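One file, my_file_14.cif, is given below (mmCIF, C-alpha atoms and all ligand atoms).
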data_start
loop_
_atom_site.label_atom_id
_atom_site.label_comp_id
_atom_site.auth_asym_id
_atom_site.auth_seq_id
_atom_site.Cartn_x
_atom_site.Cartn_y
_atom_site.Cartn_z
CA MET A 1 -8.45 3.32 16.76
CA GLN A 2 -10.13 1.84 19.83
CA GLY A 3 -13.45 3.31 18.76
CA GLN A 4 -13.06 2.05 15.24
CA GLU A 5 -12.47 -1.46 16.50
CA ALA A 6 -15.46 -1.33 18.82
CA ASN A 7 -17.68 -0.30 15.92
CA ALA A 8 -16.54 -3.07 13.62
CA GLU A 9 -19.61 -5.19 14.29
CA ALA A 10 -22.11 -2.45 13.56
CA ALA A 11 -20.41 -0.81 10.59
CA PRO A 12 -22.47 -0.97 7.41
CA PHE A 13 -20.61 -2.79 4.70
CA PRO A 14 -20.98 -2.52 0.95
CA SER A 15 -21.42 -6.09 -0.20
CA GLN A 16 -20.95 -5.55 -3.93
CA ASP A 17 -17.59 -6.63 -5.33
CA LEU A 18 -16.68 -8.55 -2.22
CA PRO A 19 -13.41 -10.42 -2.71
CA ARG A 20 -14.11 -14.13 -2.98
CA HIS A 21 -10.70 -15.08 -1.66
CA ILE A 22 -8.55 -13.04 0.73
CA ALA A 23 -4.96 -14.06 1.42
CA ILE A 24 -3.19 -12.65 4.48
CA ILE A 25 0.49 -12.48 5.35
CA MET A 26 0.28 -12.29 9.12
CA ASP A 27 3.53 -10.46 9.76
CA GLY A 28 4.95 -8.50 12.69
CA ASN A 29 4.48 -10.76 15.71
CA GLY A 30 8.15 -10.58 16.65
CA ARG A 31 8.31 -6.80 16.42
CA TRP A 32 5.10 -6.50 18.44
CA ALA A 33 6.78 -8.38 21.29
CA GLN A 34 10.20 -6.78 20.94
CA ARG A 35 8.69 -3.29 21.18
CA ARG A 36 7.31 -4.30 24.54
CA GLY A 37 10.58 -5.82 25.69
CA LEU A 38 9.03 -9.29 25.51
CA ASP A 39 10.17 -12.53 23.95
CA ARG A 40 9.23 -12.94 20.26
CA THR A 41 7.18 -15.98 21.17
CA VAL A 42 4.83 -13.80 23.22
CA GLY A 43 4.13 -11.99 19.96
CA HIS A 44 3.29 -15.28 18.28
CA ARG A 45 0.84 -16.11 21.05
CA GLU A 46 -0.84 -12.73 20.54
CA GLY A 47 -0.75 -13.26 16.79
CA VAL A 48 -2.65 -16.51 17.07
CA LYS A 49 -5.24 -14.75 19.26
CA ALA A 50 -5.68 -12.13 16.54
CA LEU A 51 -6.60 -14.71 13.92
CA LYS A 52 -9.94 -15.88 15.29
CA PRO A 53 -11.77 -12.51 15.14
CA ILE A 54 -10.50 -12.06 11.57
CA VAL A 55 -11.80 -15.48 10.55
CA LYS A 56 -15.16 -14.81 12.16
CA GLU A 57 -15.45 -11.39 10.55
CA ALA A 58 -14.51 -12.73 7.12
CA ALA A 59 -17.15 -15.46 7.43
CA ARG A 60 -19.73 -12.91 8.59
CA LEU A 61 -19.00 -10.69 5.60
CA GLY A 62 -19.45 -13.54 3.14
CA ILE A 63 -15.84 -14.14 2.12
CA GLN A 64 -15.55 -17.63 0.60
CA VAL A 65 -11.88 -18.38 1.24
CA LEU A 66 -9.42 -16.92 3.73
CA THR A 67 -5.84 -18.08 3.32
CA ALA A 68 -3.53 -17.28 6.23
CA TYR A 69 0.25 -17.54 5.91
CA ALA A 70 1.22 -19.14 9.21
CA PHE A 71 4.60 -20.74 8.52
CA SER A 72 6.78 -20.49 5.42
CA THR A 73 9.30 -22.93 3.98
CA GLU A 74 11.93 -20.34 4.98
CA ASN A 75 10.73 -20.01 8.57
CA TRP A 76 12.67 -23.22 9.41
CA ARG A 77 15.70 -20.91 9.46
CA ARG A 78 14.53 -19.51 12.79
CA PRO A 79 15.82 -20.73 16.18
CA SER A 80 14.40 -24.15 17.02
CA GLN A 81 12.88 -22.82 20.23
CA GLU A 82 10.79 -20.31 18.24
CA ILE A 83 9.75 -23.00 15.76
CA ASP A 84 8.70 -25.30 18.62
CA VAL A 85 6.54 -22.54 20.10
CA LEU A 86 4.91 -21.86 16.73
CA MET A 87 4.12 -25.55 16.20
CA GLY A 88 2.78 -25.81 19.74
CA LEU A 89 0.57 -22.77 19.19
CA LEU A 90 -0.83 -24.36 16.04
CA VAL A 91 -1.84 -27.46 18.00
CA GLU A 92 -3.36 -25.30 20.76
CA PHE A 93 -5.23 -23.14 18.27
CA LEU A 94 -6.75 -26.12 16.51
CA ALA A 95 -7.72 -27.85 19.74
CA SER A 96 -9.36 -24.78 21.26
CA GLU A 97 -10.89 -23.10 18.19
CA THR A 98 -12.01 -25.89 15.89
CA PRO A 99 -15.36 -26.46 17.65
CA GLU A 100 -16.29 -22.77 17.41
CA LEU A 101 -15.07 -22.49 13.84
CA LYS A 102 -17.16 -25.50 12.98
CA GLU A 103 -20.18 -23.81 14.53
CA GLU A 104 -19.46 -20.77 12.37
CA GLY A 105 -19.51 -22.98 9.27
CA VAL A 106 -15.77 -22.76 8.67
CA ARG A 107 -13.99 -25.59 6.93
CA ILE A 108 -10.29 -25.89 7.79
CA ARG A 109 -7.80 -26.98 5.16
CA THR A 110 -4.12 -26.38 4.44
CA ILE A 111 -1.65 -25.54 1.72
CA GLY A 112 2.05 -26.32 1.97
CA ASP A 113 3.91 -29.55 2.56
CA ILE A 114 2.46 -30.53 5.91
CA ARG A 115 4.13 -33.97 5.82
CA LYS A 116 7.23 -32.18 7.12
CA LEU A 117 5.50 -30.70 10.18
CA PRO A 118 6.01 -32.33 13.59
CA ARG A 119 3.72 -35.32 14.15
CA PRO A 120 1.43 -33.60 16.75
CA ALA A 121 0.80 -30.72 14.34
CA GLN A 122 -0.06 -33.14 11.54
CA GLU A 123 -2.40 -35.07 13.80
CA SER A 124 -4.18 -31.93 14.99
CA LEU A 125 -4.60 -30.78 11.41
CA ALA A 126 -5.97 -34.13 10.30
CA TRP A 127 -8.47 -34.00 13.18
CA ALA A 128 -9.50 -30.35 12.54
CA MET A 129 -9.94 -30.99 8.82
CA ALA A 130 -12.03 -34.09 9.40
CA GLU A 131 -14.13 -32.28 12.04
CA THR A 132 -14.96 -29.41 9.71
CA ARG A 133 -15.13 -31.37 6.45
CA GLN A 134 -18.84 -30.71 5.94
CA GLU A 135 -18.73 -26.96 6.57
CA GLU A 136 -19.49 -24.75 3.60
CA ARG A 137 -19.77 -21.13 4.73
CA MET A 138 -16.07 -20.31 4.42
CA ILE A 139 -12.77 -22.10 3.96
CA LEU A 140 -9.96 -21.24 6.34
CA ASN A 141 -6.89 -22.24 4.43
CA LEU A 142 -3.79 -22.40 6.65
CA ALA A 143 -0.49 -22.05 4.80
CA LEU A 144 1.94 -24.23 6.74
CA ASN A 145 5.43 -25.11 5.60
CA TYR A 146 4.24 -23.24 2.55
CA GLY A 147 6.44 -21.67 -0.11
CA GLY A 148 5.30 -20.64 -3.57
CA ARG A 149 8.41 -22.03 -5.22
CA ASP A 150 8.15 -25.31 -3.34
CA GLU A 151 4.47 -25.60 -4.29
CA ILE A 152 5.24 -25.03 -7.97
CA LEU A 153 8.03 -27.62 -7.97
CA ARG A 154 5.90 -30.18 -6.15
CA ALA A 155 3.10 -29.56 -8.66
CA VAL A 156 5.33 -29.98 -11.70
CA ASN A 157 7.02 -33.10 -10.33
CA HIS A 158 3.68 -34.64 -9.42
CA TRP A 159 2.27 -33.92 -12.88
CA ARG A 160 5.35 -35.40 -14.52
CA ARG A 161 5.12 -38.59 -12.45
CA VAL A 162 1.54 -39.28 -13.55
CA THR A 163 1.72 -38.05 -17.14
CA PRO A 164 2.91 -39.86 -20.25
CA GLU A 165 6.21 -38.68 -21.73
CA GLY A 166 5.81 -35.91 -24.30
CA SER A 167 2.62 -34.32 -22.89
CA GLU A 168 2.47 -30.55 -22.67
CA LEU A 169 1.69 -28.84 -19.36
CA THR A 170 -0.98 -26.13 -19.65
CA ALA A 171 -2.01 -23.51 -17.10
CA GLU A 172 -5.34 -25.28 -16.57
CA ILE A 173 -3.71 -28.62 -15.86
CA PHE A 174 -0.93 -27.06 -13.77
CA GLN A 175 -3.45 -25.38 -11.46
CA GLN A 176 -5.01 -28.74 -10.70
CA TYR A 177 -1.68 -29.83 -9.21
CA LEU A 178 -1.22 -26.79 -7.01
CA ASP A 179 -2.13 -26.99 -3.32
CA THR A 180 -4.91 -24.47 -4.06
CA ALA A 181 -6.58 -26.72 -6.67
CA GLY A 182 -10.28 -25.99 -6.74
CA LEU A 183 -10.00 -22.59 -5.03
CA PRO A 184 -10.38 -19.27 -6.81
CA ASP A 185 -7.21 -17.16 -6.97
CA PRO A 186 -7.00 -14.54 -4.20
CA ASP A 187 -8.62 -11.25 -5.15
CA LEU A 188 -7.04 -9.40 -2.25
CA LEU A 189 -3.68 -9.84 -0.55
CA ILE A 190 -3.27 -8.21 2.84
CA ARG A 191 0.11 -7.92 4.52
CA SER A 192 0.49 -6.49 8.00
CA SER A 193 3.53 -4.78 9.54
CA GLY A 194 4.21 -2.48 6.60
CA GLU A 195 6.46 -4.80 4.58
CA PHE A 196 6.11 -4.56 0.79
CA ARG A 197 7.06 -8.06 -0.27
CA LEU A 198 5.52 -11.42 -1.07
CA SER A 199 7.97 -13.57 0.92
CA ASN A 200 7.32 -16.58 -1.35
CA PHE A 201 3.55 -16.52 -0.83
CA LEU A 202 1.19 -17.82 -3.55
CA LEU A 203 3.51 -16.79 -6.37
CA TRP A 204 1.32 -18.22 -9.12
CA GLN A 205 -2.06 -17.42 -7.63
CA LEU A 206 -1.42 -13.75 -6.77
CA ALA A 207 -0.83 -12.81 -10.42
CA TYR A 208 -3.74 -10.34 -10.43
CA ALA A 209 -4.49 -9.89 -6.75
CA GLU A 210 -5.02 -6.40 -5.37
CA ILE A 211 -2.47 -5.67 -2.66
CA TYR A 212 -3.18 -3.95 0.64
CA ILE A 213 -0.38 -3.21 3.08
CA SER A 214 -1.30 -2.34 6.66
CA ASP A 215 1.17 -0.68 8.99
CA LYS A 216 -0.33 -2.49 11.95
CA LEU A 217 1.64 -5.36 13.41
CA TRP A 218 -0.33 -8.59 13.13
CA PRO A 219 -1.34 -8.89 16.83
CA ASP A 220 -2.94 -5.42 16.52
CA PHE A 221 -4.79 -6.22 13.29
CA GLY A 222 -8.50 -6.46 14.00
CA PRO A 223 -11.85 -6.82 12.21
CA ALA A 224 -12.01 -3.06 11.54
CA ASP A 225 -8.68 -3.35 9.72
CA LEU A 226 -10.04 -6.20 7.64
CA GLN A 227 -13.02 -4.04 6.76
CA ALA A 228 -10.74 -1.15 5.81
CA ALA A 229 -8.79 -3.45 3.50
CA ILE A 230 -11.97 -4.67 1.82
CA ARG A 231 -13.29 -1.13 1.41
CA ASP A 232 -10.02 -0.15 -0.20
CA TYR A 233 -10.24 -3.17 -2.48
CA GLN A 234 -13.70 -2.06 -3.55
CA THR A 235 -12.28 1.22 -4.84
CA ARG A 236 -9.81 -0.54 -7.13
CA GLN A 237 -10.37 -0.95 -10.83
CA ARG A 238 -9.27 -4.41 -11.85
CA ARG A 239 -8.27 -4.76 -15.48
CA PHE A 240 -6.52 -8.11 -15.79
CA GLY A 241 -4.41 -6.72 -18.60
CA GLY A 242 -7.43 -5.51 -20.55
CA LEU A 243 -8.97 -2.07 -20.72
CA GLY A 244 -11.35 -2.63 -17.80
C1 LIG B 1 4.94 -13.43 11.56
O1 LIG B 1 5.61 -12.65 12.48
C2 LIG B 1 4.77 -14.85 12.02
C3 LIG B 1 5.63 -15.82 11.32
C4 LIG B 1 6.45 -15.57 10.35
C5 LIG B 1 5.53 -17.18 11.79
P1 LIG B 1 7.18 -12.57 12.52
O2 LIG B 1 7.68 -13.59 13.46
O3 LIG B 1 7.75 -12.64 11.14
O4 LIG B 1 7.39 -11.14 13.12
P2 LIG B 1 8.45 -10.05 12.68
O5 LIG B 1 8.32 -9.85 11.21
O6 LIG B 1 9.81 -10.59 13.07
O7 LIG B 1 8.08 -8.84 13.46
C1 LIG B 2 6.17 -14.25 5.96
O1 LIG B 2 6.75 -13.50 6.96
C2 LIG B 2 5.75 -15.59 6.48
C3 LIG B 2 4.64 -15.61 7.41
C4 LIG B 2 3.95 -14.57 7.81
C5 LIG B 2 4.28 -16.92 7.91
P1 LIG B 2 8.32 -13.50 7.23
O2 LIG B 2 8.51 -12.65 8.42
O3 LIG B 2 8.83 -14.88 7.30
O4 LIG B 2 8.88 -12.81 5.92
P2 LIG B 2 10.25 -12.04 5.68
O5 LIG B 2 11.35 -12.92 6.17
O6 LIG B 2 10.16 -10.78 6.47
O7 LIG B 2 10.28 -11.77 4.22
MG MG B 3 8.22 -11.27 9.75
#

Would you mind giving the structure from this file in structure tokens?
Ligand code: IPE
Ligand code: IPE
Ligand code: MG
Amino acid sequence: MQGQEANAEAAPFPSQDLPRHIAIIMDGNGRWAQRRGLDRTVGHREGVKALKPIVKEAARLGIQVLTAYAFSTENWRRPSQEIDVLMGLLVEFLASETPELKEEGVRIRTIGDIRKLPRPAQESLAWAMAETRQEERMILNLALNYGGRDEILRAVNHWRRVTPEGSELTAEIFQQYLDTAGLPDPDLLIRSSGEFRLSNFLLWQLAYAEIYISDKLWPDFGPADLQAAIRDYQTRQRRFGGLG
């Protein structure tokens, strides 16, 4: 595995049928730490470190959108100390990595109801988004206080507030009210740590995504693993309900 990781940069990569949008459920930080007898929060720190090389590799490969599930609407059920560490790590990540991401042409945006995040997290996000507003190589879409059900309800309620009584909601209109408005649906969903579930991620948008489950815990997931997921994706035959 070491060798594979070291070769990630040099590996030739088939560029046909590249997914436009990759969504990642970054799971397994806690188990990574627990297996080492460490506090779960150490795993989160390592998990944040693992994100940057993945973002850089995705941008290098020509991926247009990378959506990373960082904090779910259900993650508030965790101990407040763990939540505080996660929010602190978000602020640290944005402060330390935004300049380099900007240099790489990465635009930072979010999905999820970020108005409910602690004030420092909201401020860091506002700053990072403004800083990278002009970047066009790739979008890094951070899912924060994100839940697919919550997103759908917010979208429907918003539409209803601004729409005359009696109008019919269509899929096209509905999508304009989702947090992902303007983005293509994910082509590829990657989940680390071997769990086979969506955990309330992008419920509408993943309708026809190809799914790739990696056994690696998120802190161990590297650029070579991203490449392996994309290669696997390129072997899939997508049919979208038709005959392909
Ligand atoms: C993913 O790792 C990070 C977040 C959900 C914030 P976990 O914290 O879920 O790690 P495990 O699944 O307990 O190992
Ligand atoms: C999904 O992981 C959320 C994130 C990775 C941010 P969880 O660890 O919260 O999911 P469950 O609880 O195992 O389904
Ligand atoms: Mg988990």

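The environment of Ala143 in chain A within 6 Å, counting all atoms listed in the file and disregarding residues fewer than 2 places along the same chain, consists of Ala68, Tyr69, Ala70, Thr110, Ile111, Gly112 and Tyr146 of chain A.
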
For Trp32 in chain A, which of A:Gln237, A:Ile173, A:Gln122, A:His44 is the closest residue, counting all atoms listed in the file?
A:His44

What is the atom C2 of ligand LIG 1 (chain B) to CA of Ile230 in chain A distance in Å?
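Separating atom C2 of ligand LIG 1 (chain B) from CA of Ile230 in chain A is a distance of 22.1 Å.
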
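Neighbours of ligand MG 3 (chain B) at a cut-off of 10 Å, computed so that all atoms listed in the file are counted, are the residues Ile25, Met26, Asp27, Gly28, Asn29, Gly30, Arg31, Asn75, Ser192, Ser193, Glu195, Ser199, Leu217 and Trp218 of chain A.
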
I'd like the box whose edges run along x, y and z of the file and which contains every listed atom of range 181-198 of chain A, padded by 5 Å per side; could you state its centre and edge lengths in Å, one decimal, as AutoDock Vina command-line options?
--center_x -1.7 --center_y -14.6 --center_z 1.3 --size_x 27.4 --size_y 34.2 --size_z 26.5

Pick the closest to Gly62 in chain A from A:Ile108, A:Leu38, A:Met138, A:Ala128: which is it, counting all atoms listed in the file?
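The answer is A:Met138, which sits nearest to Gly62 in chain A.
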
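If only C-alpha atoms are the atoms counted, then among A:Gln176, A:Ser167, A:Leu206, A:Asp215 the closest residue to Ala155 in chain A is A:Gln176.
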
Which residues, written as a PyMOL selection string, have at least one atom at most 9 Å from Phe240 in chain A, with all atoms listed in the file counted and residues fewer than 3 positions away on the same chain left out?
chain A and resi 208+243-244

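Excluding range 91-99 of chain A and any residue on its chain fewer than 5 positions from it, the residues at most 9 Å away by only C-alpha atoms are Val48, Lys49, Lys52, Leu86, Glu104, Val106, Ile108, Pro120, Ala121, Gln122, Glu123, Ser124, Leu125, Trp127, Ala128, Met129, Glu131 and Thr132 of chain A.
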
Among listed residues A:Gly105, A:Gly148, A:Pro164, A:Gly182, nearest ligand LIG 2 (chain B) (using all atoms listed in the file)
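Comparing A:Gly105, A:Gly148, A:Pro164, A:Gly182 against ligand LIG 2 (chain B), the winner is A:Gly148.
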
Which residue of A:Pro186, A:Ala181, A:Arg45, A:Glu135 approaches Ala59 in chain A most closely, using only C-alpha atoms:
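Looking at the shortest contact to Ala59 in chain A, the residue is A:Glu135.
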
Here is a test: counting all atoms listed in the file, which residue of A:Glu57, A:Glu151, A:Asp185, A:Asp17 is nearest to Arg231 in chain A?
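Closest residue, counting all atoms listed in the file: A:Asp17.
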
Point-to-point distance from CA of Thr180 in chain A to CA of Val156 in chain A, Å rounded to tenths
13.9 Å

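Rounded to one decimal, CA of Ser214 in chain A and CA of Ile24 in chain A lie 10.7 Å from each other.
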
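Within 7 Å of the file-frame point (-4.6, -5.7, -1.3), and using all atoms listed in the file, the polymer residues found are Leu188, Leu189, Ile190, Ala209, Glu210, Ile211, Tyr212, Ile213, Ala229 and Tyr233 of chain A.
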
Name all residues at most 12 Å from Trp76 in chain A (count all atoms listed in the file; drop same-chain ones fewer than 6 positions away) and give them as a ChimeraX atom specification.
/A:82-84,86-87,116-117,144-147
